[in-house]
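Raw contents of start-v6.txt, compact mmCIF, C-alpha atoms (C1' of nucleotides):
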# COMPACT_ATOMS: atom_id res chain seq x y z
CA MET A 1 97.76 90.64 95.71
CA ALA A 2 100.78 88.48 96.37
CA SER A 3 102.84 88.54 99.55
CA ASN A 4 105.81 90.82 99.41
CA GLY A 5 108.12 88.32 101.01
CA CYS A 6 108.68 90.20 104.25
CA PRO A 7 107.91 88.16 107.36
CA VAL A 8 106.22 91.16 108.98
CA ASP A 9 103.93 91.60 106.00
CA PRO A 10 101.06 89.34 107.14
CA LEU A 11 100.90 91.15 110.46
CA LEU A 12 100.92 94.51 108.71
CA ARG A 13 98.11 93.50 106.41
CA THR A 14 96.09 92.36 109.38
CA ILE A 15 96.42 95.27 111.76
CA THR A 16 97.13 98.36 109.68
CA GLY A 17 94.12 98.59 107.42
CA ARG A 18 91.83 101.59 107.35
CA TRP A 19 89.92 101.80 110.68
CA THR A 20 91.58 98.64 111.98
CA THR A 21 94.28 100.33 114.02
CA HIS A 22 91.75 102.81 115.32
CA ILE A 23 89.53 99.97 116.54
CA LEU A 24 92.51 98.35 118.24
CA TRP A 25 93.40 101.65 119.87
CA LEU A 26 89.89 102.04 121.24
CA LEU A 27 89.73 98.49 122.58
CA TYR A 28 93.15 99.01 124.10
CA THR A 29 92.33 102.32 125.79
CA GLU A 30 88.65 101.75 126.63
CA GLY A 31 88.55 98.00 127.20
CA GLU A 32 85.45 96.02 126.25
CA LEU A 33 83.12 97.92 123.93
CA ARG A 34 79.76 97.18 122.38
CA PHE A 35 79.11 97.37 118.66
CA GLY A 36 77.09 100.53 119.09
CA GLU A 37 79.72 102.13 121.28
CA LEU A 38 82.35 101.51 118.63
CA MET A 39 80.04 103.08 116.06
CA GLY A 40 79.64 106.09 118.33
CA LEU A 41 83.37 106.48 118.88
CA MET A 42 84.06 106.38 115.13
CA PRO A 43 81.28 108.54 113.70
CA ASP A 44 82.32 108.08 110.08
CA ILE A 45 82.62 104.32 109.94
CA SER A 46 79.76 102.36 108.41
CA ALA A 47 78.22 99.29 110.01
CA LYS A 48 79.42 97.24 107.07
CA VAL A 49 83.07 98.18 107.44
CA LEU A 50 83.00 97.92 111.22
CA THR A 51 81.51 94.44 110.96
CA ASP A 52 84.10 93.45 108.36
CA ARG A 53 86.96 94.63 110.55
CA LEU A 54 85.64 93.01 113.71
CA ARG A 55 85.04 89.69 111.95
CA MET A 56 88.53 89.82 110.49
CA LEU A 57 90.13 90.60 113.83
CA GLU A 58 88.12 87.78 115.38
CA ARG A 59 89.27 85.33 112.71
CA ASN A 60 92.82 86.36 113.51
CA GLY A 61 92.48 85.74 117.21
CA ILE A 62 92.99 89.40 118.07
CA VAL A 63 89.49 90.30 119.20
CA LEU A 64 86.95 88.30 121.16
CA ARG A 65 83.24 88.69 120.40
CA THR A 66 80.72 88.02 123.12
CA GLN A 67 77.00 87.95 122.45
CA LYS A 68 74.33 88.01 125.15
CA GLN A 69 71.16 86.28 123.99
CA THR A 70 68.80 89.09 124.91
CA ILE A 71 66.32 91.06 122.85
CA PRO A 72 67.60 93.35 121.51
CA PRO A 73 70.98 91.61 121.36
CA GLN A 74 74.04 92.85 123.22
CA VAL A 75 77.35 92.17 121.55
CA SER A 76 80.65 93.27 122.91
CA TYR A 77 84.21 93.12 121.73
CA GLU A 78 87.49 93.03 123.59
CA LEU A 79 91.12 92.27 122.86
CA THR A 80 92.21 88.69 123.36
CA LYS A 81 95.29 87.93 125.42
CA GLN A 82 97.37 87.87 122.26
CA GLY A 83 95.61 90.93 120.90
CA GLN A 84 97.00 92.80 123.87
CA ASP A 85 100.50 92.09 122.54
CA LEU A 86 99.76 94.84 120.06
CA HIS A 87 99.93 97.50 122.75
CA VAL A 88 103.61 98.06 121.96
CA VAL A 89 102.78 98.80 118.35
CA VAL A 90 99.81 100.99 119.11
CA ARG A 91 101.68 102.95 121.73
CA ALA A 92 104.71 103.40 119.50
CA LEU A 93 102.45 104.82 116.78
CA ASN A 94 100.81 107.11 119.26
CA THR A 95 104.13 108.33 120.60
CA VAL A 96 105.47 109.20 117.17
CA ALA A 97 102.19 110.84 116.15
CA VAL A 98 102.27 113.07 119.21
CA GLU A 99 105.95 113.91 118.74
CA TRP A 100 105.54 114.77 115.09
CA GLN A 101 102.46 116.83 115.74
CA ALA A 102 104.51 118.86 118.22
CA LEU A 103 107.14 119.35 115.49
CA GLY A 104 104.50 120.63 113.09
CA TRP A 105 104.51 117.65 110.76
CA GLU A 106 101.74 117.60 108.20
CA PRO A 107 100.85 114.77 105.85
CA ASP A 108 102.19 115.35 102.31
CA LYS A 109 104.09 118.39 103.54
CA GLY A 110 106.55 116.98 106.00
CA PHE A 111 108.20 119.02 108.71
CA PRO A 112 108.32 122.80 108.64
CA ALA A 113 111.67 124.04 107.34
CA LEU A 114 113.56 125.66 110.18
CA GLU A 115 116.11 128.21 109.05
CA ALA A 116 118.89 126.70 111.11
CA ALA A 117 118.11 123.02 111.03
CA GLU A 118 117.60 119.87 108.95
CA MET B 1 88.54 109.10 101.42
CA ALA B 2 87.90 111.34 104.37
CA SER B 3 89.93 111.37 107.56
CA ASN B 4 88.62 109.13 110.26
CA GLY B 5 89.09 111.69 112.98
CA CYS B 6 91.82 109.87 114.87
CA PRO B 7 94.96 111.99 115.42
CA VAL B 8 97.16 109.00 114.59
CA ASP B 9 95.38 108.47 111.29
CA PRO B 10 97.56 110.72 109.08
CA LEU B 11 100.69 108.97 110.33
CA LEU B 12 99.13 105.57 109.70
CA ARG B 13 98.15 106.49 106.18
CA THR B 14 101.68 107.68 105.53
CA ILE B 15 103.75 104.82 106.86
CA THR B 16 101.62 101.69 106.74
CA GLY B 17 100.78 101.35 103.07
CA ARG B 18 101.71 98.32 101.02
CA TRP B 19 105.54 98.17 100.66
CA THR B 20 106.00 101.37 102.61
CA THR B 21 106.79 99.78 105.93
CA HIS B 22 109.07 97.30 104.21
CA ILE B 23 111.02 100.14 102.63
CA LEU B 24 111.34 101.84 106.01
CA TRP B 25 112.52 98.60 107.56
CA LEU B 26 115.21 98.20 104.90
CA LEU B 27 116.43 101.78 105.23
CA TYR B 28 116.44 101.34 108.99
CA THR B 29 118.39 98.06 108.99
CA GLU B 30 120.64 98.61 105.97
CA GLY B 31 121.13 102.36 106.02
CA GLU B 32 121.50 104.29 102.77
CA LEU B 33 120.37 102.29 99.74
CA ARG B 34 120.30 102.95 96.03
CA PHE B 35 117.19 102.62 93.93
CA GLY B 36 118.45 99.46 92.32
CA GLU B 37 119.41 97.96 95.66
CA LEU B 38 115.90 98.55 96.97
CA MET B 39 114.51 96.86 93.86
CA GLY B 40 116.82 93.93 94.48
CA LEU B 41 115.81 93.60 98.12
CA MET B 42 112.10 93.60 97.22
CA PRO B 43 111.98 91.38 94.15
CA ASP B 44 108.22 91.75 93.60
CA ILE B 45 107.90 95.52 93.73
CA SER B 46 107.65 97.40 90.45
CA ALA B 47 109.67 100.50 89.64
CA LYS B 48 106.46 102.48 89.49
CA VAL B 49 105.32 101.60 92.99
CA LEU B 50 108.80 101.96 94.46
CA THR B 51 109.12 105.42 92.94
CA ASP B 52 105.66 106.37 94.21
CA ARG B 53 106.52 105.30 97.73
CA LEU B 54 109.90 106.99 97.78
CA ARG B 55 108.49 110.26 96.45
CA MET B 56 105.73 110.11 99.02
CA LEU B 57 108.16 109.44 101.87
CA GLU B 58 110.35 112.27 100.58
CA ARG B 59 107.40 114.69 100.49
CA ASN B 60 106.69 113.72 104.07
CA GLY B 61 110.21 114.43 105.28
CA ILE B 62 110.84 110.80 106.17
CA VAL B 63 113.31 109.88 103.47
CA LEU B 64 116.11 111.90 101.89
CA ARG B 65 116.92 111.44 98.21
CA THR B 66 120.42 112.14 96.97
CA GLN B 67 121.32 112.12 93.31
CA LYS B 68 124.86 112.08 91.97
CA GLN B 69 125.08 113.77 88.58
CA THR B 70 126.89 110.95 86.85
CA ILE B 71 126.05 108.90 83.79
CA PRO B 72 124.33 106.62 84.45
CA PRO B 73 122.81 108.39 87.45
CA GLN B 74 123.27 107.22 91.01
CA VAL B 75 120.39 107.90 93.36
CA SER B 76 120.33 106.87 96.96
CA TYR B 77 117.82 107.05 99.72
CA GLU B 78 118.19 107.22 103.47
CA LEU B 79 116.02 108.01 106.48
CA THR B 80 115.98 111.63 107.60
CA LYS B 81 116.58 112.48 111.23
CA GLN B 82 112.83 112.47 111.84
CA GLY B 83 112.37 109.36 109.75
CA GLN B 84 114.54 107.59 112.27
CA ASP B 85 111.89 108.31 114.91
CA LEU B 86 109.97 105.50 113.28
CA HIS B 87 112.38 102.90 114.57
CA VAL B 88 110.18 102.37 117.64
CA VAL B 89 107.23 101.54 115.42
CA VAL B 90 109.17 99.32 113.07
CA ARG B 91 110.83 97.46 115.90
CA ALA B 92 107.55 96.99 117.74
CA LEU B 93 106.02 95.48 114.62
CA ASN B 94 108.99 93.22 114.17
CA THR B 95 108.87 92.09 117.78
CA VAL B 96 105.20 91.15 117.62
CA ALA B 97 105.62 89.45 114.24
CA VAL B 98 108.42 87.27 115.62
CA GLU B 99 106.50 86.50 118.81
CA TRP B 100 103.35 85.54 116.95
CA GLN B 101 105.24 83.45 114.47
CA ALA B 102 106.69 81.51 117.39
CA LEU B 103 103.15 81.00 118.68
CA GLY B 104 102.04 79.62 115.33
CA TRP B 105 99.86 82.55 114.34
CA GLU B 106 98.66 82.50 110.75
CA PRO B 107 96.84 85.26 108.92
CA ASP B 108 93.07 84.62 108.72
CA LYS B 109 93.45 81.65 111.01
CA GLY B 110 94.68 83.14 114.24
CA PHE B 111 96.50 81.20 116.89
CA PRO B 112 96.44 77.43 117.06
CA ALA B 113 93.91 76.17 119.61
CA LEU B 114 95.78 74.60 122.49
CA GLU B 115 93.77 71.98 124.35
CA ALA B 116 94.46 73.50 127.72
CA ALA B 117 94.45 77.19 126.94
CA GLU B 118 92.60 80.21 125.58
C1' DG C 1 49.56 97.57 114.96
C1' DT C 2 53.48 100.00 114.71
C1' DA C 3 57.62 102.16 116.02
C1' DA C 4 62.00 101.50 118.42
C1' DC C 5 65.98 99.07 119.67
C1' DT C 6 70.51 96.46 118.52
C1' DG C 7 73.46 94.36 115.53
C1' DG C 8 73.81 93.22 111.78
C1' DT C 9 73.42 91.68 106.05
C1' DT C 10 73.03 92.49 101.08
C1' DA C 11 73.40 94.45 96.53
C1' DC C 12 75.30 97.97 94.15
C1' DA C 13 78.25 101.92 92.79
C1' DA C 14 82.44 104.62 93.25
C1' DA C 15 87.05 105.32 94.18
C1' DA C 16 91.64 104.03 95.06
C1' DA C 17 95.42 101.12 94.66
C1' DG C 18 98.29 97.98 92.32
C1' DG C 19 100.40 95.72 88.41
C1' DT C 20 102.20 95.40 83.39
C1' DA C 21 104.66 96.69 79.72
C1' DA C 22 106.55 99.95 76.78
C1' DT C 23 109.27 104.14 76.58
C1' DT C 24 112.79 107.83 77.97
C1' DA C 25 117.50 110.06 78.74
C1' DC C 26 122.32 110.16 78.58
C1' DT C 27 126.89 108.35 77.96
C1' DT C 28 130.33 104.79 77.61
C1' DA C 29 132.05 100.40 75.89
C1' DC C 30 132.16 97.23 71.99
C1' DG D 1 125.58 102.07 65.35
C1' DT D 2 124.08 99.43 68.92
C1' DA D 3 123.72 97.48 73.41
C1' DA D 4 124.24 98.24 78.38
C1' DG D 5 123.47 100.52 82.52
C1' DT D 6 120.51 103.47 86.03
C1' DA D 7 116.52 105.56 87.44
C1' DA D 8 112.75 106.50 86.35
C1' DT D 9 107.83 107.90 83.63
C1' DT D 10 103.54 106.98 81.20
C1' DA D 11 99.33 104.92 79.66
C1' DC D 12 96.35 101.44 80.52
C1' DC D 13 93.90 97.71 82.76
C1' DT D 14 92.55 94.88 86.82
C1' DT D 15 91.73 94.16 91.44
C1' DT D 16 90.69 95.66 95.89
C1' DT D 17 88.76 98.58 98.98
C1' DT D 18 85.37 101.72 100.55
C1' DG D 19 81.03 103.77 100.90
C1' DT D 20 75.71 104.10 100.35
C1' DA D 21 71.35 102.76 101.09
C1' DA D 22 67.93 99.61 101.86
C1' DC D 23 66.49 95.74 104.40
C1' DC D 24 65.92 91.97 108.32
C1' DA D 25 64.93 89.67 113.04
C1' DG D 26 62.73 89.41 117.42
C1' DT D 27 60.59 91.49 121.26
C1' DT D 28 58.94 95.29 124.06
C1' DA D 29 56.72 99.75 124.88
C1' DC D 30 53.08 102.74 123.31
Translate the structure described by the file into structure tokens.
Amino acid sequence: MASNGCPVDPLLRTITGRWTTHILWLLYTEGELRFGELMGLMPDISAKVLTDRLRMLERNGIVLRTQKQTIPPQVSYELTKQGQDLHVVVRALNTVAVEWQALGWEPDKGFPALEAAE
Amino acid sequence: MASNGCPVDPLLRTITGRWTTHILWLLYTEGELRFGELMGLMPDISAKVLTDRLRMLERNGIVLRTQKQTIPPQVSYELTKQGQDLHVVVRALNTVAVEWQALGWEPDKGFPALEAAE
DNA sequence: GTAACTGGTTACAAAAAGGTAATTACTTAC
DNA sequence: GTAAGTAATTACCTTTTTGTAACCAGTTAC
């Protein structure tokens, strides 16, 4: 899968994957969260995918992983300083989602046709 | 692929796919563009994928397709009124991408380790 | 001694997405 | 009559992503 030449593309590939933005949203709104808490907040994600995403975000300097050497282990995740830069993106997405929901937008259907508009 | 339960998820699936955000960026910065112009601005996209994306964005009320009945045909695409709501998202992405580039961020590598930081 | 707890990993199968290349339609210019 | 031009469509194959299910480690509580 080659780059598409757009300078924003690497960022997009990093933060917009399935579940990824949701994880960022949770870490942004809830702050530090443990692995199990993230699993609980996203009931349909599998441990495999959550691990993949967290490792990827860690590699990219967006999320910080902290492990306490206890038994059983306690691992928590939080946004790094740079990761918090993403709040503008996440909030913009949220704003539009809320706006469009109010307008009755539905995926693959668009906006309801108003007789006297569009 | 089931929904992940997040209210922002449908919007994410719609506007963050491969090429999709790039198309939105181009329509946002350049205004109305013809099919062939879009192809020219994204040299690596195929006609198939571009058509898929444009149809999808049209279905979702984000892009408006206008066809002139000439031979050969002239088809152009522009953002709808609601599609223009996405400018906050697109600009936020651009802002972060530029910022992170300045900081030396690289995909899968993160930010360069500064001796006296992090 | 065995189950529970947390945070994973691994192998495998299924599904979705993406890319390639050939083909179409219609008319005008050569 | 044949090529050019625009905007696609179609069939097919490959790659990527996603999900499922089983398994592991180390210690404590029962």
For chain A, work out the contacting residues on chain B at 6 Å, counting only C-alpha atoms, and write them as a PyMOL selection string. chain B and resi 8+59-61+88-89+92-93+97+108-110
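The shell of residues at most 12 Å from DA3 in chain D, with all atoms listed in the file counted and near chain neighbours (fewer than 5 positions) removed, consists of C:DT28, C:DA29, C:DC30.
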What gap, in Å, lies between CA of Gln84 in chain B and C1' of DG18 in chain C? 27.5 Å
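Any residue of chain A with an atom no more than 9 Å from chain D counts as a contact; using all atoms listed in the file, that gives A:Met1, A:Ser46, A:Val49, A:Ile71, A:Pro72.
Minimum atom-to-atom distance to Gln74 in chain B, evaluated using all atoms listed in the file, belongs to B:Leu33 out of B:Leu114, B:Leu33, B:Leu50, B:Met39.
All chain C residues having an atom within 9 Å of chain B, based on only C-alpha atoms (C1' of nucleotides), amount to DA15, DA16, DG18, DG19, DC26, DT27 and DT28 of chain C.
Here C1' of DT24 in chain C is placed at a distance of 17.3 Å from CA of Gln69 in chain B.
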Between B:Gly40, B:Ala47, B:Val63, B:Thr29, which is the closest to DT20 in chain C once you count all atoms listed in the file? B:Ala47
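The space separating CA of Gln67 in chain A from CA of Arg53 in chain A comes to 16.9 Å.
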Report as an mmCIF file with C-alpha atoms, in the coordinates of the input all protein, DNA and RNA residues lying within 8 Å of Arg34 in chain A, evaluated on only C-alpha atoms (C1' of nucleotides), omitting residues in the same chain fewer than 3 positions from it.
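result.cif, freshly written:
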data_model
loop_
_atom_site.group_PDB
_atom_site.id
_atom_site.type_symbol
_atom_site.label_atom_id
_atom_site.label_comp_id
_atom_site.auth_asym_id
_atom_site.auth_seq_id
_atom_site.Cartn_x
_atom_site.Cartn_y
_atom_site.Cartn_z
ATOM 1 C CA GLU A 37 79.720 102.130 121.280
ATOM 2 C CA LEU A 38 82.350 101.510 118.630
ATOM 3 C CA GLN A 74 74.040 92.850 123.220
ATOM 4 C CA VAL A 75 77.350 92.170 121.550
ATOM 5 C CA SER A 76 80.650 93.270 122.910
ATOM 6 C CA TYR A 77 84.210 93.120 121.730
#
Could range 40-59 of chain A be completed with N, CA and C atoms and returned as an mmCIF file, in the frame of the given file?
data_model
loop_
_atom_site.group_PDB
_atom_site.id
_atom_site.type_symbol
_atom_site.label_atom_id
_atom_site.label_comp_id
_atom_site.auth_asym_id
_atom_site.auth_seq_id
_atom_site.Cartn_x
_atom_site.Cartn_y
_atom_site.Cartn_z
ATOM 1 N N GLY A 40 79.683 104.743 117.789
ATOM 2 C CA GLY A 40 79.640 106.090 118.330
ATOM 3 C C GLY A 40 81.004 106.748 118.430
ATOM 4 N N LEU A 41 82.016 105.937 118.723
ATOM 5 C CA LEU A 41 83.370 106.480 118.880
ATOM 6 C C LEU A 41 84.037 106.746 117.532
ATOM 7 N N MET A 42 83.510 106.137 116.477
ATOM 8 C CA MET A 42 84.060 106.380 115.130
ATOM 9 C C MET A 42 82.896 106.814 114.242
ATOM 10 N N PRO A 43 82.528 108.090 114.326
ATOM 11 C CA PRO A 43 81.280 108.540 113.700
ATOM 12 C C PRO A 43 81.219 108.296 112.191
ATOM 13 N N ASP A 44 82.356 108.186 111.535
ATOM 14 C CA ASP A 44 82.320 108.080 110.080
ATOM 15 C C ASP A 44 82.408 106.658 109.548
ATOM 16 N N ILE A 45 82.541 105.692 110.426
ATOM 17 C CA ILE A 45 82.620 104.320 109.940
ATOM 18 C C ILE A 45 81.201 103.830 109.654
ATOM 19 N N SER A 46 81.075 102.952 108.679
ATOM 20 C CA SER A 46 79.760 102.360 108.410
ATOM 21 C C SER A 46 79.663 101.012 109.109
ATOM 22 N N ALA A 47 78.434 100.581 109.343
ATOM 23 C CA ALA A 47 78.220 99.290 110.010
ATOM 24 C C ALA A 47 78.889 98.179 109.219
ATOM 25 N N LYS A 48 78.833 98.284 107.919
ATOM 26 C CA LYS A 48 79.420 97.240 107.070
ATOM 27 C C LYS A 48 80.916 97.103 107.321
ATOM 28 N N VAL A 49 81.612 98.224 107.271
ATOM 29 C CA VAL A 49 83.070 98.180 107.440
ATOM 30 C C VAL A 49 83.430 97.776 108.862
ATOM 31 N N LEU A 50 82.698 98.298 109.840
ATOM 32 C CA LEU A 50 83.000 97.920 111.220
ATOM 33 C C LEU A 50 82.817 96.409 111.409
ATOM 34 N N THR A 51 81.738 95.890 110.881
ATOM 35 C CA THR A 51 81.510 94.440 110.960
ATOM 36 C C THR A 51 82.640 93.672 110.283
ATOM 37 N N ASP A 52 82.999 94.095 109.087
ATOM 38 C CA ASP A 52 84.100 93.450 108.360
ATOM 39 C C ASP A 52 85.362 93.398 109.217
ATOM 40 N N ARG A 53 85.724 94.556 109.766
ATOM 41 C CA ARG A 53 86.960 94.630 110.550
ATOM 42 C C ARG A 53 86.886 93.741 111.785
ATOM 43 N N LEU A 54 85.761 93.787 112.476
ATOM 44 C CA LEU A 54 85.640 93.010 113.710
ATOM 45 C C LEU A 54 85.682 91.510 113.402
ATOM 46 N N ARG A 55 85.011 91.098 112.343
ATOM 47 C CA ARG A 55 85.040 89.690 111.950
ATOM 48 C C ARG A 55 86.459 89.256 111.610
ATOM 49 N N MET A 56 87.156 90.133 110.910
ATOM 50 C CA MET A 56 88.530 89.820 110.490
ATOM 51 C C MET A 56 89.427 89.706 111.716
ATOM 52 N N LEU A 57 89.298 90.639 112.634
ATOM 53 C CA LEU A 57 90.130 90.600 113.830
ATOM 54 C C LEU A 57 89.802 89.371 114.682
ATOM 55 N N GLU A 58 88.537 88.978 114.645
ATOM 56 C CA GLU A 58 88.120 87.780 115.380
ATOM 57 C C GLU A 58 88.758 86.539 114.757
ATOM 58 N N ARG A 59 88.649 86.435 113.451
ATOM 59 C CA ARG A 59 89.270 85.330 112.710
ATOM 60 C C ARG A 59 90.749 85.204 113.026
#
